[in-house]
>>> print(open('target-v9.txt').read())   # compact mmCIF, C-alpha atoms
# COMPACT_ATOMS: atom_id res chain seq x y z
CA MET A 1 -24.04 26.02 -3.47
CA LYS A 2 -22.91 29.62 -3.10
CA ILE A 3 -20.92 28.80 0.05
CA GLU A 4 -19.12 25.94 -1.76
CA ARG A 5 -18.36 28.23 -4.71
CA MET A 6 -17.00 30.95 -2.45
CA PHE A 7 -14.79 28.42 -0.68
CA ALA A 8 -13.54 27.25 -4.07
CA ILE A 9 -12.66 30.85 -4.98
CA VAL A 10 -10.59 31.17 -1.78
CA VAL A 11 -8.80 27.91 -2.62
CA PHE A 12 -7.94 29.17 -6.12
CA LEU A 13 -6.69 32.47 -4.68
CA LEU A 14 -4.53 30.65 -2.13
CA HIS A 15 -3.07 28.51 -4.90
CA LYS A 16 -2.33 31.25 -7.45
CA ARG A 17 -1.00 34.75 -6.95
CA LEU A 18 -3.40 36.31 -9.47
CA VAL A 19 -6.65 34.86 -10.84
CA SER A 20 -8.82 36.58 -13.43
CA ALA A 21 -12.61 36.70 -13.28
CA GLU A 22 -12.71 34.87 -16.62
CA GLU A 23 -10.63 31.99 -15.26
CA LEU A 24 -12.74 31.67 -12.12
CA ALA A 25 -15.96 31.75 -14.13
CA GLU A 26 -14.68 29.02 -16.46
CA LYS A 27 -13.44 26.81 -13.60
CA LEU A 28 -16.63 27.12 -11.57
CA GLU A 29 -18.96 27.13 -14.60
CA VAL A 30 -20.77 30.37 -13.74
CA SER A 31 -20.92 33.85 -15.23
CA LYS A 32 -18.36 36.60 -14.54
CA ARG A 33 -21.18 38.61 -12.96
CA THR A 34 -21.68 35.80 -10.41
CA ILE A 35 -17.95 35.79 -9.68
CA TYR A 36 -17.95 39.52 -9.02
CA ARG A 37 -20.89 39.12 -6.62
CA ASP A 38 -19.10 36.30 -4.79
CA ILE A 39 -15.93 38.41 -4.50
CA ASP A 40 -17.98 41.25 -2.99
CA SER A 41 -19.50 38.80 -0.48
CA LEU A 42 -16.06 37.47 0.48
CA CYS A 43 -14.73 40.99 0.99
CA ALA A 44 -17.76 41.84 3.14
CA ALA A 45 -17.00 38.73 5.22
CA GLY A 46 -13.49 40.01 5.91
CA VAL A 47 -11.43 38.06 3.36
CA PRO A 48 -8.72 40.53 2.19
CA ILE A 49 -9.06 40.22 -1.60
CA ILE A 50 -7.17 42.76 -3.70
CA SER A 51 -8.42 43.60 -7.21
CA TYR A 52 -6.18 44.68 -10.10
CA LEU A 53 -7.74 46.35 -13.13
CA GLY A 54 -6.62 46.17 -16.73
CA LYS A 55 -5.92 43.53 -19.36
CA ASN A 56 -3.68 41.46 -17.07
CA GLY A 57 -5.67 42.19 -13.94
CA GLY A 58 -7.55 39.91 -11.61
CA PHE A 59 -7.88 39.04 -7.95
CA THR A 60 -5.32 38.07 -5.33
CA LEU A 61 -5.13 37.70 -1.57
CA SER A 62 -3.24 39.94 0.80
CA GLU A 63 0.14 38.38 1.63
CA ARG A 64 -0.71 38.38 5.34
CA TYR A 65 -3.75 36.16 4.73
CA GLN A 66 -2.83 32.51 5.30
CA LEU A 67 -4.66 29.29 6.06
CA ASP A 68 -1.63 27.21 6.93
CA LYS A 69 -3.57 24.63 8.92
CA LEU A 70 -6.01 24.05 6.07
CA THR A 71 -3.62 24.04 3.11
CA PHE A 72 -0.77 21.88 1.88
CA SER A 73 2.73 22.71 0.75
CA ASP A 74 3.69 21.64 -2.80
CA THR A 75 5.60 18.68 -1.35
CA GLU A 76 2.61 17.64 0.77
CA LYS A 77 0.28 17.91 -2.23
CA LYS A 78 2.55 15.63 -4.25
CA LEU A 79 2.77 13.08 -1.44
CA VAL A 80 -1.02 12.95 -1.15
CA MET A 81 -1.52 12.60 -4.90
CA ASP A 82 1.21 9.97 -5.25
CA SER A 83 -0.30 7.98 -2.40
CA LEU A 84 -3.72 8.09 -4.03
CA THR A 85 -2.23 6.99 -7.36
CA LEU A 86 -0.45 4.08 -5.68
CA GLU A 87 -3.63 3.03 -3.89
CA GLN A 88 -5.69 3.28 -7.07
CA GLU A 89 -3.24 1.12 -9.03
CA LEU A 90 -3.28 -1.47 -6.25
CA PHE A 91 -6.97 -1.51 -5.39
CA GLU A 92 -8.86 0.05 -8.35
CA GLY A 93 -11.12 2.21 -6.17
CA ARG A 94 -13.60 4.42 -8.04
CA GLN A 95 -13.84 6.85 -5.13
CA LEU A 96 -10.05 7.34 -5.26
CA SER A 97 -10.29 8.50 -8.87
CA THR A 98 -12.93 11.09 -7.92
CA LEU A 99 -10.84 12.27 -4.98
CA GLN A 100 -7.80 12.63 -7.25
CA GLN A 101 -9.80 14.85 -9.60
CA LYS A 102 -10.90 17.05 -6.71
CA LEU A 103 -7.40 17.38 -5.26
CA ALA A 104 -5.99 18.11 -8.71
CA LEU A 105 -7.65 21.53 -8.41
CA PHE A 106 -4.91 22.37 -5.91
CA GLN A 107 -2.25 21.73 -8.56
CA GLU A 108 -1.94 22.96 -12.12
CA ALA A 109 -0.28 19.69 -13.13
CA HIS A 110 0.35 16.43 -11.39
CA HIS A 111 2.82 13.82 -12.55
CA THR A 112 3.29 10.70 -10.47
CA SER A 113 6.79 9.71 -9.48
CA PHE A 114 6.27 6.04 -10.29
CA THR A 115 4.34 3.47 -12.24
CA LEU A 116 3.12 0.18 -10.87
CA ALA A 117 2.51 -2.63 -13.35
CA SER A 118 1.80 -5.28 -10.73
CA ALA A 119 1.61 -5.31 -6.93
CA THR A 120 2.65 -8.95 -6.57
CA LEU A 121 4.61 -11.72 -8.26
CA HIS A 122 1.44 -13.43 -9.52
CA ARG A 123 0.14 -13.95 -13.05
CA ASP A 124 -2.32 -11.32 -14.31
CA THR A 125 -5.38 -13.51 -13.70
CA ILE A 126 -4.30 -14.25 -10.11
CA GLU A 127 -3.46 -10.56 -9.64
CA GLN A 128 -6.99 -9.54 -10.63
CA GLU A 129 -8.54 -12.21 -8.44
CA THR A 130 -6.44 -10.93 -5.52
CA LYS A 131 -7.52 -7.33 -6.15
CA ASN A 132 -11.17 -8.43 -6.07
CA LYS A 133 -10.58 -10.10 -2.70
CA ILE A 134 -8.87 -6.95 -1.42
CA GLN A 135 -11.91 -4.88 -2.38
CA GLN A 136 -14.21 -7.24 -0.47
CA LEU A 137 -11.91 -7.39 2.56
CA PHE A 138 -11.66 -3.59 2.72
CA THR A 139 -15.44 -3.46 3.06
CA PHE A 140 -15.45 -6.16 5.73
CA ILE A 141 -12.72 -4.36 7.70
CA GLN A 142 -14.53 -1.01 7.55
CA GLN A 143 -17.82 -2.57 8.67
CA GLU A 144 -16.11 -4.79 11.28
CA GLN A 145 -17.92 -7.69 9.62
CA ALA A 146 -17.14 -11.29 10.57
CA ILE A 147 -16.74 -13.64 7.60
CA GLU A 148 -16.45 -17.35 6.97
CA ILE A 149 -13.53 -18.40 4.77
CA SER A 150 -12.63 -21.65 3.08
CA TYR A 151 -8.85 -21.83 3.37
CA VAL A 152 -6.28 -24.27 2.03
CA ALA A 153 -3.00 -24.59 3.95
CA GLN A 154 0.39 -25.07 2.30
CA ASN A 155 0.08 -28.84 2.78
CA GLY A 156 -3.27 -28.87 0.95
CA HIS A 157 -5.44 -29.27 4.06
CA PHE A 158 -8.78 -27.42 3.78
CA THR A 159 -10.40 -25.72 6.76
CA THR A 160 -13.42 -23.50 7.26
CA ARG A 161 -12.83 -20.60 9.63
CA THR A 162 -14.96 -17.78 11.02
CA VAL A 163 -12.70 -14.75 11.29
CA LEU A 164 -12.79 -11.01 11.92
CA PRO A 165 -10.56 -9.24 9.32
CA ILE A 166 -8.31 -6.61 10.89
CA LYS A 167 -5.61 -5.46 8.46
CA LEU A 168 -4.14 -6.19 5.01
CA HIS A 169 -0.41 -6.84 4.60
CA LEU A 170 1.83 -7.02 1.51
CA GLN A 171 4.74 -9.31 2.35
CA ASN A 172 7.35 -10.82 0.03
CA GLY A 173 5.25 -10.22 -3.07
CA SER A 174 2.00 -11.69 -1.69
CA TRP A 175 -1.05 -10.27 0.10
CA TYR A 176 -2.18 -11.52 3.52
CA ILE A 177 -5.15 -10.67 5.71
CA GLU A 178 -4.52 -10.40 9.42
CA ALA A 179 -7.64 -11.62 11.20
CA PHE A 180 -8.87 -12.85 14.55
CA CYS A 181 -9.76 -16.53 14.18
CA GLN A 182 -12.74 -17.64 16.25
CA MET A 183 -11.67 -21.29 16.20
CA ARG A 184 -8.11 -20.62 17.43
CA GLU A 185 -9.13 -17.65 19.57
CA ALA A 186 -6.00 -15.87 18.33
CA TYR A 187 -4.74 -13.69 15.50
CA ARG A 188 -3.73 -15.47 12.32
CA PHE A 189 -2.37 -14.47 8.91
CA PHE A 190 -4.19 -15.87 5.85
CA LYS A 191 -2.67 -15.69 2.37
CA LEU A 192 -5.25 -14.26 -0.03
CA THR A 193 -4.46 -16.66 -2.88
CA ARG A 194 -5.26 -19.56 -0.53
CA ILE A 195 -8.65 -18.18 0.46
CA ARG A 196 -10.88 -20.09 -1.93
CA LYS A 197 -14.21 -18.73 -0.71
CA MET A 198 -15.45 -16.09 1.71
CA GLU A 199 -18.88 -14.89 2.74
CA THR A 200 -20.44 -12.86 5.52
CA VAL A 201 -21.93 -14.52 8.59
CA ASP A 202 -24.52 -13.36 11.11
CA SER A 203 -22.40 -14.17 14.17
CA SER A 204 -20.31 -11.40 15.67
CA ILE A 205 -16.79 -11.56 17.05
CA ASP A 206 -15.63 -9.14 19.73
CA LYS A 207 -12.76 -7.03 18.46
CA PRO A 208 -9.56 -8.24 20.20
CA LEU A 209 -7.28 -5.79 21.93
CA HIS A 210 -3.83 -7.06 20.97
CA SER A 211 -2.10 -7.66 17.67
CA SER A 212 -0.91 -11.10 16.64
CA GLN A 213 2.54 -9.67 16.00
CA ALA A 214 2.93 -9.25 19.76
CA GLU A 215 1.76 -12.83 20.38
CA ARG A 216 4.33 -14.43 18.07
CA PRO A 217 7.79 -13.01 18.73
CA ALA A 218 10.44 -13.42 16.04
CA GLN A 219 12.95 -16.26 16.43
CA LEU A 220 16.07 -14.89 14.78
CA GLU A 221 18.89 -17.21 13.80
CA LYS A 222 22.13 -16.59 11.97
CA ILE A 223 22.08 -17.90 8.38
CA ILE A 224 25.15 -18.21 6.14
CA LEU A 225 24.70 -18.87 2.41
CA GLN A 226 27.24 -19.18 -0.40
CA PHE A 227 26.25 -17.89 -3.86
CA SER A 228 27.85 -18.09 -7.30
CA LEU A 229 29.36 -14.84 -8.56
CA SER A 230 26.81 -14.84 -11.40
CA GLU A 231 24.12 -14.00 -8.81
CA HIS A 232 25.84 -10.81 -7.62
CA GLY A 233 23.36 -8.29 -9.01
CA LYS A 234 20.33 -10.35 -8.00
CA LEU A 235 21.50 -10.54 -4.39
CA TYR A 236 20.97 -6.81 -3.86
CA ASP A 237 17.24 -7.48 -4.20
CA PHE A 238 17.46 -9.35 -0.90
CA PHE A 239 20.56 -8.28 1.04
CA ILE A 240 22.24 -5.06 2.17
CA GLU A 241 25.90 -4.33 1.46
CA GLU A 242 27.04 -5.22 4.98
CA GLU A 243 25.59 -8.74 4.70
CA LEU A 244 27.62 -9.66 1.61
CA VAL A 245 31.30 -10.59 1.33
CA ILE A 246 32.59 -10.79 -2.25
CA GLN A 247 35.30 -13.46 -2.57
CA GLN A 248 37.35 -14.52 -5.56
CA GLU A 249 35.05 -17.42 -6.50
CA HIS A 250 31.94 -16.97 -4.33
CA ILE A 251 29.75 -14.49 -2.49
CA ILE A 252 29.02 -15.16 1.17
CA ALA A 253 25.76 -13.80 2.62
CA THR A 254 25.48 -13.66 6.42
CA PHE A 255 22.21 -12.46 7.91
CA PHE A 256 19.67 -13.06 10.68
CA TYR A 257 16.30 -14.52 9.74
CA ASP A 258 13.04 -15.20 11.58
CA ILE A 259 12.94 -19.00 11.38
CA THR A 260 9.24 -19.08 12.19
CA ASN A 261 8.98 -18.33 8.46
CA ASP A 262 10.06 -20.89 5.85
CA LEU A 263 13.33 -19.86 4.16
CA LEU A 264 13.60 -22.83 1.79
CA PRO A 265 11.36 -21.42 -1.01
CA PHE A 266 13.75 -18.45 -1.21
CA ILE A 267 16.81 -20.72 -1.29
CA ARG A 268 15.30 -22.91 -4.03
CA MET A 269 14.97 -19.83 -6.26
CA PHE A 270 18.74 -19.97 -6.80
CA GLY A 271 18.90 -23.67 -7.70
CA SER A 272 22.46 -25.01 -7.88
CA LYS A 273 23.92 -21.51 -7.48
CA VAL A 274 23.44 -21.45 -3.71
CA LYS A 275 24.88 -23.56 -0.90
CA ILE A 276 23.86 -23.52 2.77
CA LEU A 277 26.89 -23.15 5.03
CA ALA A 278 25.01 -22.78 8.33
CA PRO A 279 23.04 -23.75 10.34
CA ALA A 280 23.31 -27.54 10.03
CA TRP A 281 19.58 -28.18 10.59
CA LEU A 282 18.75 -25.97 7.57
CA GLN A 283 21.25 -27.95 5.43
CA GLN A 284 19.54 -31.18 6.44
CA LYS A 285 16.06 -29.86 5.83
CA HIS A 286 17.11 -28.61 2.39
CA LEU A 287 18.54 -32.04 1.46
CA GLN A 288 15.32 -33.73 2.57
CA GLU A 289 13.27 -31.41 0.37
CA ILE A 290 15.52 -32.12 -2.64
CA GLN A 291 15.18 -35.88 -2.07
CA LYS A 292 11.40 -35.58 -2.00
CA ILE A 293 11.48 -33.71 -5.29
CA LEU A 294 13.69 -36.37 -6.90
CA GLU A 295 11.45 -39.17 -5.66
CA SER A 296 8.23 -37.57 -6.87
>>> encode(input="target-v9.txt", output="structure tokens")
Amino acid sequence: MKIERMFAIVVFLLHKRLVSAEELAEKLEVSKRTIYRDIDSLCAAGVPIISYLGKNGGFTLSERYQLDKLTFSDTEKKLVMDSLTLEQELFEGRQLSTLQQKLALFQEAHHTSFTLASATLHRDTIEQETKNKIQQLFTFIQQEQAIEISYVAQNGHFTTRTVLPIKLHLQNGSWYIEAFCQMREAYRFFKLTRIRKMETVDSSIDKPLHSSQAERPAQLEKIILQFSLSEHGKLYDFFIEEELVIQQEHIIATFFYDITNDLLPFIRMFGSKVKILAPAWLQQKHLQEIQKILES
């Protein structure tokens, strides 16, 4: 306990130029007499603490005494605290809150640079359900635990898979788990909202060596879309300046897209305010989807 308290004193002295015995006693919840004894022990151990007497006196460290490899700059402290805040808002970890309180000792005040109302585009109930799944999957990943999942594909087909969770991904407003699938003997991405059930299994899966991202190379193709002028502001959520050409009556977006992913849900977001100019196969596929909707 004394060693931890003495280390805490050094941390406070590194953080502030001058610390009074009263302040240290209050922070560490001990008497001033105990603080004075700890200061004497630190000095005897070779820590160059300078004492100043008087009403505004206190303790400070010699300017030549540094622990650069063990301390953070103000910018680094803020980055760490902001990252913890972001992670806590996403995942609701109790341990993160405790860690934030401990690290806050290194700063007199901490104000996050952001607020995060929701991590995804889902309704609140789906958001909470997804967070619960994330908590479970974090545990499975850390323990390298194989699990059995009941999964529903986009077409409604249910499958039961035994998988080894590897990594969580946030893509396009939705969470996915990257996992090694025992049935396919390959990496697969599973959307968390489509995982209807998951539980641990006794069987083990050897941890694969390669990532699925290397197994499935991107298939980029040039896409040209025409948008109504009324969509101008919204388009900057999805395109960079160089991909947009503002015309008198329309906006033309030209970009390259990995066609192994379905682009049509994005296009349908714009309704009648978007038109596919190229490629021809995407035009045809879009028309077929519209016809199915009209017939249903």
>>> closest_residue(input="target-v9.txt", among="A:Tyr176, A:Phe140, A:Phe270, A:Tyr257", to="Gln226 of chain A", atoms="all atoms listed in the file")
A:Phe270
>>> closest_residue(input="target-v9.txt", among="A:Phe138, A:Glu221, A:Ser150, A:Glu242", to="Leu263 of chain A", atoms="all atoms listed in the file")
A:Glu221
>>> atom_distance(input="target-v9.txt", atom1="atom CA of Ile246 of chain A", atom2="atom CA of Ile224 of chain A")
13.4 Å
>>> closest_residue(input="target-v9.txt", among="A:Leu13, A:Ile147, A:Leu168, A:Leu61", to="Thr200 of chain A", atoms="only C-alpha atoms")
A:Ile147
>>> residues_around(input="target-v9.txt", residues="Phe190 of chain A", least_positions_apart="5", cutoff="8 Å", atoms="all atoms listed in the file", output="number ranges by chain")
A: 151, 176-179, 195
>>> atom_distance(input="target-v9.txt", atom1="atom CA of Trp281 of chain A", atom2="atom CA of Val245 of chain A")
23.1 Å
>>> residues_around(input="target-v9.txt", residues="Ile205 of chain A", least_positions_apart="3", cutoff="8 Å", atoms="only C-alpha atoms", output="list in words")
Ala146, Val163, Leu164 and Gln182 of chain A
>>> write_last_selection(input="target-v9.txt", atoms="C-alpha atoms", output="PDB file, in the coordinates of the input")
ATOM      1  CA  ALA A 146     -17.140 -11.290  10.570  1.00  0.00           C
ATOM      2  CA  VAL A 163     -12.700 -14.750  11.290  1.00  0.00           C
ATOM      3  CA  LEU A 164     -12.790 -11.010  11.920  1.00  0.00           C
ATOM      4  CA  GLN A 182     -12.740 -17.640  16.250  1.00  0.00           C
TER       5      GLN A 182
END
>>> closest_residue(input="target-v9.txt", among="A:Phe239, A:Tyr36, A:Phe12, A:Tyr187", to="Phe256 of chain A", atoms="all atoms listed in the file")
A:Phe239
>>> closest_residue(input="target-v9.txt", among="A:Gln219, A:Lys131, A:Ala186, A:Gln136", to="Thr260 of chain A", atoms="only C-alpha atoms")
A:Gln219
>>> atom_distance(input="target-v9.txt", atom1="atom CA of Phe158 of chain A", atom2="atom CA of Glu295 of chain A")
25.2 Å
>>> closest_residue(input="target-v9.txt", among="A:Arg5, A:Asp237, A:Glu231, A:Gln171", to="Asn261 of chain A", atoms="all atoms listed in the file")
A:Gln171
>>> build_atoms(input="target-v9.txt", residues="segment 53-64 of chain A", atoms="all heavy atoms", output="CSV table (one decimal), in the coordinates of the input")
chain,number,residue,atom,x,y,z
A,53,LEU,N,-7.0,46.1,-11.9
A,53,LEU,CA,-7.7,46.4,-13.1
A,53,LEU,C,-6.8,46.2,-14.3
A,53,LEU,O,-5.6,46.1,-14.2
A,53,LEU,CB,-8.3,47.8,-13.1
A,53,LEU,CG,-9.3,48.1,-11.9
A,53,LEU,CD1,-9.7,49.5,-11.9
A,53,LEU,CD2,-10.5,47.1,-12.0
A,54,GLY,N,-7.4,46.2,-15.5
A,54,GLY,CA,-6.6,46.2,-16.7
A,54,GLY,C,-6.6,44.8,-17.4
A,54,GLY,O,-7.2,43.8,-16.9
A,55,LYS,N,-6.0,44.7,-18.5
A,55,LYS,CA,-5.9,43.5,-19.4
A,55,LYS,C,-5.4,42.3,-18.6
A,55,LYS,O,-5.9,41.2,-18.7
A,55,LYS,CB,-5.1,43.8,-20.6
A,55,LYS,CG,-5.0,42.6,-21.6
A,55,LYS,CD,-4.2,43.0,-22.8
A,55,LYS,CE,-4.2,41.8,-23.8
A,55,LYS,NZ,-3.4,42.1,-25.0
A,56,ASN,N,-4.3,42.5,-17.8
A,56,ASN,CA,-3.7,41.5,-17.1
A,56,ASN,C,-4.1,41.5,-15.6
A,56,ASN,O,-3.4,41.0,-14.7
A,56,ASN,CB,-2.2,41.6,-17.2
A,56,ASN,CG,-1.7,41.4,-18.6
A,56,ASN,OD1,-2.2,40.5,-19.4
A,56,ASN,ND2,-0.7,42.2,-19.1
A,57,GLY,N,-5.2,42.1,-15.3
A,57,GLY,CA,-5.7,42.2,-13.9
A,57,GLY,C,-6.4,40.9,-13.4
A,57,GLY,O,-6.4,39.9,-14.1
A,58,GLY,N,-6.9,41.0,-12.2
A,58,GLY,CA,-7.6,39.9,-11.6
A,58,GLY,C,-7.6,40.1,-10.1
A,58,GLY,O,-7.6,41.2,-9.6
A,59,PHE,N,-7.7,39.0,-9.4
A,59,PHE,CA,-7.9,39.0,-8.0
A,59,PHE,C,-6.7,38.3,-7.3
A,59,PHE,O,-6.2,37.3,-7.8
A,59,PHE,CB,-9.2,38.4,-7.5
A,59,PHE,CG,-10.4,39.0,-8.2
A,59,PHE,CD1,-11.0,38.4,-9.2
A,59,PHE,CD2,-10.9,40.3,-7.8
A,59,PHE,CE1,-12.1,38.9,-9.9
A,59,PHE,CE2,-12.0,40.8,-8.4
A,59,PHE,CZ,-12.6,40.2,-9.4
A,60,THR,N,-6.3,38.7,-6.1
A,60,THR,CA,-5.3,38.1,-5.3
A,60,THR,C,-5.6,38.3,-3.9
A,60,THR,O,-6.5,39.1,-3.5
A,60,THR,CB,-3.9,38.6,-5.7
A,60,THR,OG1,-2.9,37.8,-5.0
A,60,THR,CG2,-3.7,40.0,-5.2
A,61,LEU,N,-4.9,37.6,-3.0
A,61,LEU,CA,-5.1,37.7,-1.6
A,61,LEU,C,-4.0,38.5,-1.0
A,61,LEU,O,-2.9,38.5,-1.5
A,61,LEU,CB,-5.2,36.3,-0.9
A,61,LEU,CG,-6.5,35.5,-1.1
A,61,LEU,CD1,-6.2,34.1,-0.6
A,61,LEU,CD2,-7.6,36.2,-0.3
A,62,SER,N,-4.3,39.2,0.1
A,62,SER,CA,-3.2,39.9,0.8
A,62,SER,C,-2.2,38.9,1.3
A,62,SER,O,-2.5,37.8,1.7
A,62,SER,CB,-3.9,40.7,2.0
A,62,SER,OG,-2.8,41.2,2.8
A,63,GLU,N,-0.9,39.3,1.2
A,63,GLU,CA,0.1,38.4,1.6
A,63,GLU,C,0.0,37.9,3.1
A,63,GLU,O,0.5,36.9,3.5
A,63,GLU,CB,1.5,39.0,1.4
A,63,GLU,CG,1.8,39.2,-0.1
A,63,GLU,CD,3.2,39.7,-0.3
A,63,GLU,OE1,3.9,39.9,0.7
A,63,GLU,OE2,3.6,40.0,-1.5
A,64,ARG,N,-0.6,38.7,3.9
A,64,ARG,CA,-0.7,38.4,5.3
A,64,ARG,C,-1.8,37.4,5.6
A,64,ARG,O,-2.0,36.8,6.7
A,64,ARG,CB,-1.0,39.6,6.2
A,64,ARG,CG,-2.3,40.3,5.8
A,64,ARG,CD,-2.6,41.5,6.7
A,64,ARG,NE,-3.8,42.3,6.3
A,64,ARG,CZ,-5.0,41.9,6.7
A,64,ARG,NH1,-5.2,40.9,7.5
A,64,ARG,NH2,-6.0,42.6,6.3
